[in-house]
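What follows is the content of upload.cif (mmCIF, C-alpha atoms and all ligand atoms).
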data_structure
#
loop_
_atom_site.label_atom_id
_atom_site.label_comp_id
_atom_site.auth_asym_id
_atom_site.auth_seq_id
_atom_site.Cartn_x
_atom_site.Cartn_y
_atom_site.Cartn_z
CA MET F 104 80.81 97.71 95.04
CA GLY F 105 82.09 96.53 98.39
CA THR F 106 81.70 98.23 101.73
CA ILE F 107 83.70 101.40 102.22
CA ASN F 108 86.08 100.97 105.15
CA THR F 109 87.59 104.21 106.28
CA LYS F 110 91.33 103.95 106.75
CA THR F 111 92.19 100.28 106.58
CA LYS F 112 95.85 99.75 107.42
CA ILE F 113 97.90 98.33 104.53
CA ASN F 114 100.13 95.69 106.10
CA LYS F 115 103.60 95.21 104.68
CA ILE F 116 104.61 91.70 103.69
CA GLY F 117 108.37 92.43 103.43
CA ARG F 118 109.10 89.76 100.84
CA ALA F 119 106.94 87.48 98.73
CA LYS F 120 107.18 83.83 97.76
CA GLY F 121 104.55 81.50 96.38
CA CYS F 122 102.28 80.52 93.58
CA ILE F 123 98.97 82.16 92.68
CA ALA F 124 96.39 81.85 89.92
CA VAL F 125 94.70 85.22 89.42
CA PRO F 126 90.95 85.28 88.62
CA GLY F 127 89.60 85.13 85.08
CA ASP F 128 90.03 87.84 82.48
CA LYS F 129 87.39 90.55 82.88
CA SER F 130 87.13 91.43 79.18
CA ILE F 131 86.74 87.80 78.10
CA SER F 132 84.25 87.02 80.89
CA HIS F 133 81.96 89.89 79.81
CA ARG F 134 82.12 88.86 76.17
CA ALA F 135 81.44 85.18 76.88
CA VAL F 136 78.15 86.08 78.61
CA MET F 137 77.08 88.64 76.01
CA LEU F 138 77.89 86.54 72.95
CA GLY F 139 76.65 83.36 74.65
CA ALA F 140 73.28 85.08 75.19
CA ILE F 141 72.81 85.76 71.45
CA ALA F 142 74.27 82.44 70.26
CA ASP F 143 72.30 79.33 69.41
CA GLY F 144 72.95 76.66 72.03
CA THR F 145 74.51 76.54 75.48
CA THR F 146 77.77 78.26 76.42
CA HIS F 147 79.71 76.73 79.32
CA ILE F 148 82.23 79.22 80.71
CA SER F 149 84.99 78.07 83.07
CA GLY F 150 87.35 80.38 84.92
CA PHE F 151 84.72 83.15 84.86
CA LEU F 152 85.58 86.31 86.81
CA ASN F 153 83.15 86.56 89.71
CA GLY F 154 83.74 90.28 90.11
CA ALA F 155 81.16 93.04 90.43
CA ASP F 156 81.57 94.21 86.81
CA CYS F 157 80.88 90.80 85.26
CA THR F 158 78.03 90.18 87.71
CA ALA F 159 76.48 93.39 86.38
CA THR F 160 76.65 91.93 82.87
CA ILE F 161 74.97 88.70 84.01
CA ASN F 162 72.20 90.66 85.75
CA CYS F 163 71.52 92.76 82.63
CA PHE F 164 71.13 89.64 80.49
CA ARG F 165 68.91 87.94 83.05
CA ASP F 166 66.76 91.09 82.90
CA MET F 167 66.49 90.49 79.14
CA GLY F 168 65.21 86.94 79.60
CA ILE F 169 68.45 84.96 79.36
CA GLU F 170 68.78 82.01 81.72
CA ILE F 171 72.25 82.01 83.31
CA GLU F 172 73.42 79.54 85.96
CA CYS F 173 76.46 80.27 88.16
CA SER F 174 78.42 77.86 90.32
CA GLY F 175 81.81 79.09 91.55
CA ASP F 176 83.75 80.17 88.49
CA SER F 177 81.57 78.09 86.15
CA VAL F 178 78.80 79.88 84.32
CA THR F 179 76.28 78.40 81.89
CA VAL F 180 74.49 80.72 79.47
CA HIS F 181 71.43 79.38 77.66
CA GLY F 182 71.62 81.30 74.41
CA LYS F 183 68.44 82.39 72.65
CA GLY F 184 69.89 83.29 69.28
CA MET F 185 70.46 86.63 67.54
CA HIS F 186 66.81 87.67 67.98
CA GLY F 187 66.04 86.09 71.35
CA LEU F 188 66.57 88.98 73.79
CA LYS F 189 63.39 90.40 75.30
CA ALA F 190 62.67 93.94 76.46
CA PRO F 191 63.61 94.32 80.14
CA ASP F 192 60.84 95.57 82.40
CA LYS F 193 63.22 97.93 84.21
CA MET F 194 66.22 100.11 83.52
CA LEU F 195 69.39 98.00 83.04
CA TYR F 196 71.95 98.69 85.78
CA THR F 197 75.61 98.34 84.80
CA ALA F 198 77.10 99.32 88.21
CA ASN F 199 80.78 100.43 87.77
CA SER F 200 81.29 98.68 84.44
CA GLY F 201 82.24 100.74 81.38
CA THR F 202 82.56 97.57 79.33
CA THR F 203 79.00 96.46 80.13
CA THR F 204 77.59 99.93 79.42
CA ARG F 205 79.36 100.55 76.12
CA LEU F 206 79.02 97.04 74.71
CA LEU F 207 75.30 96.97 75.57
CA CYS F 208 74.79 100.20 73.60
CA GLY F 209 76.15 98.46 70.50
CA LEU F 210 74.25 95.24 71.05
CA LEU F 211 70.90 96.80 71.97
CA CYS F 212 70.53 99.71 69.52
CA GLY F 213 69.46 97.34 66.72
CA GLN F 214 66.94 95.31 68.79
CA PRO F 215 63.18 95.62 68.19
CA PHE F 216 62.60 97.21 71.63
CA ASP F 217 63.48 100.25 73.73
CA VAL F 218 65.76 100.02 76.74
CA SER F 219 67.40 102.39 79.22
CA ILE F 220 70.82 101.90 80.83
CA THR F 221 72.44 103.48 83.86
CA GLY F 222 75.20 102.73 86.34
CA ASP F 223 76.88 104.07 89.48
CA ALA F 224 78.20 107.61 90.01
CA SER F 225 81.48 106.83 88.21
CA ILE F 226 79.68 105.41 85.16
CA CYS F 227 77.43 108.48 85.01
CA ARG F 228 80.57 110.64 84.65
CA ARG F 229 82.16 108.56 81.88
CA PRO F 230 81.75 109.67 78.24
CA MET F 231 79.32 107.57 76.19
CA GLY F 232 79.31 109.92 73.16
CA ARG F 233 82.30 107.95 71.85
CA VAL F 234 79.89 105.03 71.23
CA THR F 235 76.55 106.80 70.74
CA LYS F 236 77.87 109.10 67.96
CA PRO F 237 79.22 106.41 65.60
CA LEU F 238 76.23 104.18 66.44
CA SER F 239 73.88 107.02 65.43
CA GLN F 240 75.68 107.13 62.04
CA MET F 241 74.58 103.49 61.72
CA GLY F 242 70.96 104.51 62.34
CA ALA F 243 70.85 104.07 66.13
CA ASP F 244 68.59 106.29 68.20
CA ILE F 245 70.20 106.85 71.62
CA GLU F 246 69.32 109.77 73.91
CA ASN F 247 72.11 111.38 75.97
CA GLU F 248 75.90 111.18 75.95
CA TYR F 249 76.08 110.27 79.64
CA CYS F 250 74.06 107.71 81.58
CA PRO F 251 71.15 107.26 81.84
CA LEU F 252 71.01 106.37 78.16
CA HIS F 253 67.67 105.76 76.47
CA ILE F 254 67.97 103.48 73.45
CA HIS F 255 65.12 103.26 70.96
CA GLY F 256 65.60 100.10 68.88
CA SER F 257 66.09 100.96 65.18
CA ALA F 258 67.05 99.44 61.83
CA LEU F 259 70.83 99.74 61.37
CA HIS F 260 73.07 99.98 58.32
CA GLY F 261 76.81 99.40 58.00
CA ILE F 262 79.25 102.33 57.94
CA GLU F 263 82.95 102.91 57.45
CA TYR F 264 84.38 104.41 60.64
CA ASP F 265 87.82 105.82 61.45
CA MET F 266 88.22 105.49 65.20
CA PRO F 267 89.47 108.73 66.79
CA VAL F 268 90.60 106.92 69.98
CA ALA F 269 92.08 103.46 70.51
CA SER F 270 89.28 101.77 72.43
CA ALA F 271 88.23 98.12 72.44
CA GLN F 272 84.95 99.12 74.03
CA VAL F 273 84.06 101.48 71.17
CA LYS F 274 85.31 98.98 68.57
CA THR F 275 83.26 96.17 70.14
CA ALA F 276 80.10 98.30 70.36
CA LEU F 277 80.38 98.95 66.59
CA ILE F 278 81.09 95.29 65.84
CA LEU F 279 78.06 94.16 67.86
CA ALA F 280 75.84 96.70 66.08
CA GLY F 281 77.40 95.54 62.79
CA LEU F 282 76.08 92.01 63.43
CA TYR F 283 72.56 93.46 63.12
CA ALA F 284 73.24 96.09 60.42
CA ASP F 285 72.44 95.81 56.71
CA GLY F 286 75.59 95.66 54.56
CA GLU F 287 79.13 95.78 55.84
CA THR F 288 80.60 97.70 58.78
CA LEU F 289 84.24 98.62 58.27
CA ILE F 290 86.20 99.90 61.26
CA HIS F 291 89.70 101.39 61.00
CA GLU F 292 91.50 101.32 64.33
CA LYS F 293 93.98 104.03 65.21
CA GLU F 294 96.11 101.60 67.17
CA LYS F 295 95.43 97.95 67.81
CA SER F 296 93.29 97.49 70.93
CA ARG F 297 92.36 94.19 72.60
CA ASP F 298 90.78 91.79 70.10
CA HIS F 299 88.88 89.33 72.32
CA THR F 300 85.59 90.16 70.59
CA GLU F 301 86.98 89.44 67.13
CA LEU F 302 88.50 86.13 68.28
CA MET F 303 85.35 84.93 70.05
CA LEU F 304 83.01 85.99 67.24
CA SER F 305 85.16 84.23 64.62
CA ALA F 306 85.11 81.04 66.71
CA MET F 307 81.30 81.31 66.84
CA GLY F 308 81.02 81.58 63.06
CA ALA F 309 80.27 85.31 62.61
CA ASP F 310 81.08 87.03 59.33
CA ILE F 311 84.04 89.02 60.70
CA HIS F 312 87.50 89.56 59.22
CA THR F 313 90.51 91.42 60.57
CA ASP F 314 93.33 92.78 58.43
CA GLY F 315 95.88 94.75 60.46
CA LEU F 316 94.00 97.73 61.85
CA ASP F 317 90.84 97.09 59.76
CA ILE F 318 87.88 95.02 60.92
CA ARG F 319 85.00 94.12 58.60
CA VAL F 320 81.78 92.66 59.94
CA LYS F 321 78.56 91.74 58.16
CA LYS F 322 75.04 91.01 59.31
CA THR F 323 75.04 87.64 61.01
CA GLU F 324 71.95 85.46 61.44
CA ARG F 325 73.49 82.78 63.64
CA LEU F 326 76.27 82.37 66.18
CA ASN F 327 77.18 78.88 67.34
CA ALA F 328 77.66 78.57 71.10
CA GLN F 329 81.23 77.66 72.12
CA ASN F 330 82.58 76.64 75.48
CA VAL F 331 84.93 79.31 76.80
CA LYS F 332 87.88 78.67 79.11
CA VAL F 333 88.75 82.09 80.51
CA PRO F 334 92.47 82.57 81.23
CA GLY F 335 93.70 84.54 84.26
CA ASP F 336 93.56 88.30 83.76
CA ILE F 337 96.98 89.80 82.93
CA SER F 338 95.62 93.11 84.28
CA SER F 339 95.26 91.39 87.70
CA ALA F 340 98.58 89.53 87.37
CA ALA F 341 100.18 92.96 86.80
CA PHE F 342 100.05 93.80 90.53
CA PHE F 343 102.05 90.69 91.37
CA MET F 344 104.47 91.20 88.48
CA VAL F 345 105.37 94.58 89.95
CA LEU F 346 105.30 93.32 93.56
CA GLY F 347 107.66 90.43 92.78
CA SER F 348 110.00 92.78 90.90
CA ILE F 349 110.30 95.48 93.58
CA LEU F 350 110.33 93.46 96.83
CA PRO F 351 113.68 91.98 97.87
CA ASP F 352 114.19 88.17 98.07
CA SER F 353 110.96 87.47 96.24
CA GLU F 354 109.76 84.97 93.69
CA ILE F 355 106.13 84.73 92.59
CA THR F 356 104.76 82.16 90.17
CA ILE F 357 101.57 83.27 88.44
CA LEU F 358 99.72 80.41 86.75
CA ASN F 359 97.55 80.46 83.62
CA THR F 360 97.67 84.13 82.66
CA GLY F 361 96.23 85.38 79.37
CA MET F 362 98.99 86.28 76.90
CA ASN F 363 96.94 87.74 74.07
CA PRO F 364 99.49 90.00 72.30
CA THR F 365 97.06 92.94 72.46
CA ARG F 366 97.38 92.78 76.27
CA THR F 367 101.04 92.03 76.99
CA GLY F 368 102.49 95.56 76.90
CA ILE F 369 103.28 95.33 80.62
CA ILE F 370 105.65 92.45 80.03
CA ASP F 371 107.51 94.43 77.34
CA VAL F 372 107.77 97.47 79.63
CA LEU F 373 108.87 95.60 82.76
CA LEU F 374 111.49 93.68 80.75
CA ALA F 375 112.77 96.99 79.32
CA MET F 376 113.02 98.26 82.92
CA GLY F 377 115.20 95.28 83.81
CA ALA F 378 112.62 92.97 85.43
CA ASP F 379 113.26 89.24 85.77
CA ILE F 380 110.18 87.59 84.26
CA GLU F 381 110.30 84.03 82.97
CA ILE F 382 107.43 82.90 80.77
CA THR F 383 106.81 79.15 80.74
CA ASN F 384 104.24 76.60 79.65
CA GLU F 385 102.91 78.69 76.75
CA ARG F 386 99.77 77.26 75.17
CA VAL F 387 96.62 78.27 73.28
CA SER F 388 93.22 77.69 74.85
CA ALA F 389 90.00 78.51 72.98
CA GLY F 390 91.88 80.84 70.61
CA GLU F 391 93.55 82.80 73.43
CA LYS F 392 97.24 82.41 74.34
CA THR F 393 98.04 81.65 77.98
CA ALA F 394 101.22 80.94 79.95
CA ASP F 395 102.67 80.76 83.46
CA MET F 396 105.07 83.42 84.70
CA ILE F 397 107.81 83.42 87.31
CA VAL F 398 108.70 86.89 88.55
CA ARG F 399 111.81 87.44 90.69
CA SER F 400 113.23 90.49 92.51
CA SER F 401 115.25 92.77 90.27
CA SER F 402 116.77 96.24 90.05
CA LEU F 403 114.59 98.35 87.82
CA LYS F 404 115.54 101.39 85.76
CA GLY F 405 113.35 104.14 84.33
CA THR F 406 111.93 103.98 80.81
CA GLU F 407 109.79 105.83 78.25
CA ILE F 408 106.30 104.52 77.51
CA GLY F 409 104.21 105.93 74.68
CA GLY F 410 102.79 105.38 71.19
CA ASP F 411 101.05 102.22 70.08
CA ILE F 412 102.03 100.21 73.16
CA ILE F 413 99.57 102.29 75.25
CA PRO F 414 96.37 100.35 74.37
CA ARG F 415 98.29 97.13 75.15
CA LEU F 416 98.82 98.23 78.78
CA ILE F 417 96.25 100.96 79.41
CA ASP F 418 94.80 99.35 82.57
CA GLU F 419 98.26 98.53 83.95
CA LEU F 420 99.61 102.11 83.90
CA PRO F 421 98.85 102.87 87.58
CA VAL F 422 100.87 99.85 88.73
CA ILE F 423 103.57 100.49 86.12
CA ALA F 424 103.83 103.94 87.74
CA VAL F 425 104.47 102.12 91.05
CA ALA F 426 107.32 100.19 89.39
CA ALA F 427 108.71 103.52 88.13
CA VAL F 428 108.82 104.91 91.70
CA PHE F 429 111.25 102.14 92.67
CA ALA F 430 113.27 102.31 89.44
CA GLU F 431 116.51 104.28 89.17
CA GLY F 432 116.11 107.31 86.92
CA THR F 433 113.16 108.88 85.16
CA THR F 434 110.10 107.23 83.63
CA VAL F 435 107.98 109.17 81.15
CA ILE F 436 104.45 108.00 80.33
CA ARG F 437 102.89 109.81 77.35
CA ASP F 438 100.01 109.31 74.85
CA ALA F 439 97.87 108.05 77.72
CA ALA F 440 95.15 110.74 77.93
CA GLU F 441 92.60 107.89 77.95
CA LEU F 442 93.53 107.39 81.61
CA LYS F 443 91.48 110.51 82.37
CA VAL F 444 88.21 108.75 81.43
CA LYS F 445 88.66 105.48 83.30
CA GLU F 446 86.87 104.59 86.58
CA THR F 447 88.43 107.81 87.86
CA ASN F 448 90.92 110.25 86.30
CA ARG F 449 93.89 107.93 86.77
CA ILE F 450 96.51 110.53 85.84
CA ARG F 451 95.27 112.96 88.50
CA ALA F 452 94.65 110.17 91.06
CA VAL F 453 98.11 108.61 90.66
CA VAL F 454 99.88 111.99 90.81
CA ASP F 455 97.92 113.23 93.86
CA GLU F 456 98.29 110.00 95.84
CA PHE F 457 101.96 109.48 94.97
CA LYS F 458 102.78 113.07 96.01
CA LYS F 459 101.39 112.27 99.48
CA CYS F 460 104.38 110.02 100.12
CA GLY F 461 107.04 112.40 98.82
CA ILE F 462 107.37 110.94 95.33
CA ASP F 463 108.82 113.27 92.69
CA ILE F 464 106.05 113.03 90.06
CA GLU F 465 104.65 115.53 87.53
CA GLU F 466 101.30 115.46 85.78
CA THR F 467 101.34 116.10 82.03
CA ASP F 468 98.48 116.49 79.53
CA ASP F 469 98.69 112.89 78.43
CA GLY F 470 100.55 111.07 81.18
CA MET F 471 103.12 111.68 83.89
CA ILE F 472 106.84 111.92 84.62
CA ILE F 473 108.23 110.02 87.60
CA HIS F 474 111.73 110.53 89.02
CA GLY F 475 112.31 107.23 90.78
CA GLY F 476 114.80 105.53 93.04
CA LYS F 477 114.27 107.78 96.09
CA SER F 478 112.94 106.72 99.48
CA ILE F 479 109.24 107.33 100.16
CA HIS F 480 107.08 107.49 103.27
CA GLY F 481 103.64 106.02 104.05
CA ALA F 482 100.42 108.01 103.70
CA ASP F 483 96.64 107.88 104.08
CA PHE F 484 95.64 106.95 100.55
CA ALA F 485 92.38 107.49 98.68
CA ALA F 486 91.39 104.96 96.03
CA TYR F 487 88.62 107.13 94.48
CA GLY F 488 86.43 103.99 94.42
CA ASP F 489 88.73 102.67 91.67
CA HIS F 490 89.75 99.01 91.97
CA ARG F 491 93.04 99.41 90.11
CA MET F 492 94.02 102.45 92.20
CA ALA F 493 93.34 100.49 95.43
CA MET F 494 95.54 97.57 94.34
CA SER F 495 98.31 99.80 92.95
CA LEU F 496 98.47 101.82 96.19
CA THR F 497 98.67 98.59 98.21
CA ILE F 498 101.77 97.63 96.21
CA LEU F 499 103.21 101.16 96.52
CA ALA F 500 102.83 101.12 100.34
CA GLN F 501 105.00 97.99 100.60
CA LEU F 502 108.28 99.89 100.28
CA ALA F 503 107.24 103.08 102.08
CA GLU F 504 108.80 104.03 105.44
CA GLY F 505 106.10 103.95 108.13
CA ASP F 506 102.41 103.07 107.95
CA SER F 507 99.88 103.60 105.16
CA THR F 508 96.11 103.31 105.07
CA LEU F 509 93.57 102.94 102.28
CA ASP F 510 90.08 104.47 102.39
CA ASP F 511 88.28 101.80 100.34
CA VAL F 512 89.50 98.22 100.22
CA GLY F 513 86.09 96.94 99.06
CA CYS F 514 86.37 98.43 95.58
CA VAL F 515 88.77 95.64 94.54
CA ASP F 516 85.61 93.50 94.18
CA VAL F 517 85.13 95.02 90.73
CA SER F 518 87.89 92.93 89.14
CA TYR F 519 89.68 90.96 91.88
CA PRO F 520 87.55 90.08 94.93
CA THR F 521 90.26 87.79 96.40
CA PHE F 522 93.12 90.27 95.89
CA PHE F 523 93.99 90.75 99.58
CA ASP F 524 93.88 86.97 100.27
CA ASP F 525 96.30 86.31 97.42
CA PHE F 526 98.45 89.26 98.42
CA TYR F 527 98.85 88.45 102.13
CA GLY F 528 99.20 84.73 101.28
CA LEU F 529 102.55 85.49 99.60
CA LYS F 530 104.23 86.68 102.82
CA TYR F 531 106.91 84.25 104.04
C1 LIG P 601 88.08 96.96 77.95
C2 LIG P 601 88.72 97.89 77.21
C3 LIG P 601 89.55 98.96 77.77
C4 LIG P 601 89.90 98.71 79.23
C5 LIG P 601 88.74 98.21 80.02
C6 LIG P 601 88.18 96.93 79.42
C7 LIG P 601 87.26 95.93 77.26
O1 LIG P 601 88.85 100.18 77.71
O2 LIG P 601 90.41 99.88 79.82
O3 LIG P 601 89.13 97.95 81.36
O4 LIG P 601 86.92 94.91 77.88
O5 LIG P 601 86.93 96.14 76.09
P1 LIG P 601 88.86 101.05 76.35
O6 LIG P 601 88.44 100.16 75.29
O7 LIG P 601 87.88 102.17 76.57
O8 LIG P 601 90.26 101.57 76.24
#

Encoded form (structure tokens):
Amino acid sequence: MGTINTKTKINKIGRAKGCIAVPGDKSISHRAVMLGAIADGTTHISGFLNGADCTATINCFRDMGIEIECSGDSVTVHGKGMHGLKAPDKMLYTANSGTTTRLLCGLLCGQPFDVSITGDASICRRPMGRVTKPLSQMGADIENEYCPLHIHGSALHGIEYDMPVASAQVKTALILAGLYADGETLIHEKEKSRDHTELMLSAMGADIHTDGLDIRVKKTERLNAQNVKVPGDISSAAFFMVLGSILPDSEITILNTGMNPTRTGIIDVLLAMGADIEITNERVSAGEKTADMIVRSSSLKGTEIGGDIIPRLIDELPVIAVAAVFAEGTTVIRDAAELKVKETNRIRAVVDEFKKCGIDIEETDDGMIIHGGKSIHGADFAAYGDHRMAMSLTILAQLAEGDSTLDDVGCVDVSYPTFFDDFYGLKY
């Protein structure tokens, strides 16, 4: 995590014009290191996200004997095969990263060694029972439902599991355990969550098959290393999609953004709100769709967001809430209770911070209701150490009357260390 600066002023850029390429996708970057470590051969990753979360993943794998070289956004992982990880001689530290913590539970519970995992204060508050419980049905032996977790390596067997929540982290933990489990692991998803693990594992030759909401995986003795070109993270592009839509006289081109259909809910929602988003240069790179986007100023209107679109935009909801503030009419976000167990409780955090600037917003059990289109004033904002809150509040402050400050600009390092450079670079 970056340094905490008390009350950094959020400068207003007025209008935005220019071209940016947001850093690499966080989910894909984590997976490329993890799967590269247990593959046979060398994985060259380009476009890797050099953020604090993915660095935590690299450090954990180095602690388990994997040689990893980093140079800018290029990372080389020297895989040691399915049985090549070694017991770390200290507790693994996953910092602020839920993805690292949960995926490691799945990958490590079937190894022939014991390992303990912990992270920062936010990670220690986040529920791990959602992975440890189904993993224990597979034979895993994991102490605690909150970090620190103590994993005693065990023999695993496949299970059939109906997922109670839509979560790619839970799904991936079970898939990774399934690679080491006797028999077949069959997972039924509630709603389709991001499928980067399934795509990367298939490309590496794992015995994995997806049919709608069902995923079947069998014990796998060998993964073949693949080079991975990581596309820009649509969750990072989201801040600029909203910025370009709400600021007057603005046009932002965002190059090479991941367009995996399990991640593009924000495009559907912003288009439904009346945004002007042009998608160009669509292509497929290493199994993942990518494209460029041109976002222009527009007049937004309120909308309803709920149901199976939620997992396709879960991380973008705080900045979608910002769009709703500047949209005419009411926006209702429902079925999003998962926001309560992110880096912070993002329903409570959005509602409390938005209220500070006079926004008409109500908290509900599973989301929020925003009455938009009214003028707002600046405020002293708290980010709760949450990278996506910090970036969303920076966008919100742009159209507020008067000054705003943010208590922690450093936390953007988790997913977008160069956010403020890209942001202020768009002023013209
Ligand atoms: C992620 C999955 C999502 C998302 C997180 C990254 C992943 O969490 O919020 O930022 O890489 O698998 P859930 O799977 O818990 O919804």

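The gap separating atom C7 of ligand LIG 601 (chain P) from atom CA of F:Gly256 is 23.6 Å, in Å to one decimal.
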
Return as number ranges by chain every polymer residue, whether protein, DNA or RNA, with at least one atom no more than 8 Å from an atom of ligand LIG 601 (chain P); count only C-alpha atoms and all ligand atoms. F: 129-131, 133-134, 201-202, 269-275, 296-297, 414, 417-418, 441, 445

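The gap separating atom CA of F:Ile290 from atom CA of F:Leu252 is 23.6 Å, in Å to one decimal.
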
Select all residues near (109.8, 114.9, 84.3) (cut-off 12 Å, inclusive, file coordinates), counting only C-alpha atoms, and output them as a ChimeraX atom specification. /F:405-407,432-437,462-467,470-475

Contact residues around F:Glu246 with only C-alpha atoms at 12 Å, ignoring same-chain residues under 2 positions, as a short mmCIF file (atom, residue, chain, number, x, y, z; two decimals) with C-alpha atoms, in the coordinates of the input:
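Result went into selection-v1.cif, see below:
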data_model
loop_
_atom_site.label_atom_id
_atom_site.label_comp_id
_atom_site.auth_asym_id
_atom_site.auth_seq_id
_atom_site.Cartn_x
_atom_site.Cartn_y
_atom_site.Cartn_z
CA CYS F 208 74.79 100.20 73.60
CA CYS F 212 70.53 99.71 69.52
CA ASP F 217 63.48 100.25 73.73
CA VAL F 218 65.76 100.02 76.74
CA SER F 219 67.40 102.39 79.22
CA ILE F 220 70.82 101.90 80.83
CA MET F 231 79.32 107.57 76.19
CA GLY F 232 79.31 109.92 73.16
CA VAL F 234 79.89 105.03 71.23
CA THR F 235 76.55 106.80 70.74
CA LYS F 236 77.87 109.10 67.96
CA LEU F 238 76.23 104.18 66.44
CA SER F 239 73.88 107.02 65.43
CA ALA F 243 70.85 104.07 66.13
CA ASP F 244 68.59 106.29 68.20
CA GLU F 248 75.90 111.18 75.95
CA TYR F 249 76.08 110.27 79.64
CA CYS F 250 74.06 107.71 81.58
CA PRO F 251 71.15 107.26 81.84
CA LEU F 252 71.01 106.37 78.16
CA HIS F 253 67.67 105.76 76.47
CA ILE F 254 67.97 103.48 73.45
CA HIS F 255 65.12 103.26 70.96
CA GLY F 256 65.60 100.10 68.88
#

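If only C-alpha atoms are the atoms counted, then among F:Ile355, F:Ile311, F:Ala430, F:Val425 the closest residue to F:Met396 is F:Ile355.
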
List as JSON, numbers by chain the protein and nucleic acid residues near F:Val398, meaning an atom at most 9 Å away when all atoms listed in the file are counted, but skip any in the same chain fewer than 6 places from it. {"F": [343, 344, 345, 346, 347, 348, 353, 354, 355, 356, 357, 378, 379, 380, 381, 382]}

Polymer residues at most 12 Å from F:Lys112, all atoms listed in the file, same-chain spacing of 5 or more positions, as an NGL selection string: :F and (481-484 or 496-497 or 500-501 or 505-512)

Quick one: everything within 8 Å of F:Ala198, counting all atoms listed in the file, minus sequence neighbours fewer than 5 positions away in the same chain. Send it as number ranges by chain. F: 104, 155-156, 159, 221-223, 226

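Distance-wise, atom CA of F:Pro421 and atom CA of F:Leu529 end up 21.5 Å apart.
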
Would you list the contacts of F:Asp469 as a ChimeraX atom specification, taking every protein, DNA or RNA residue within 6 Å and counting all atoms listed in the file, but skipping same-chain residues closer than 4 positions in sequence? /F:437-440

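Considering all atoms listed in the file, the residue among F:Thr179, F:Ile498, F:Leu350, F:Ile412 positioned nearest to F:Arg399 is F:Leu350.
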
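Nearest to F:Ile349 of all the residues F:Arg205, F:Lys404, F:Arg165, F:His490 is F:Lys404, counting all atoms listed in the file.
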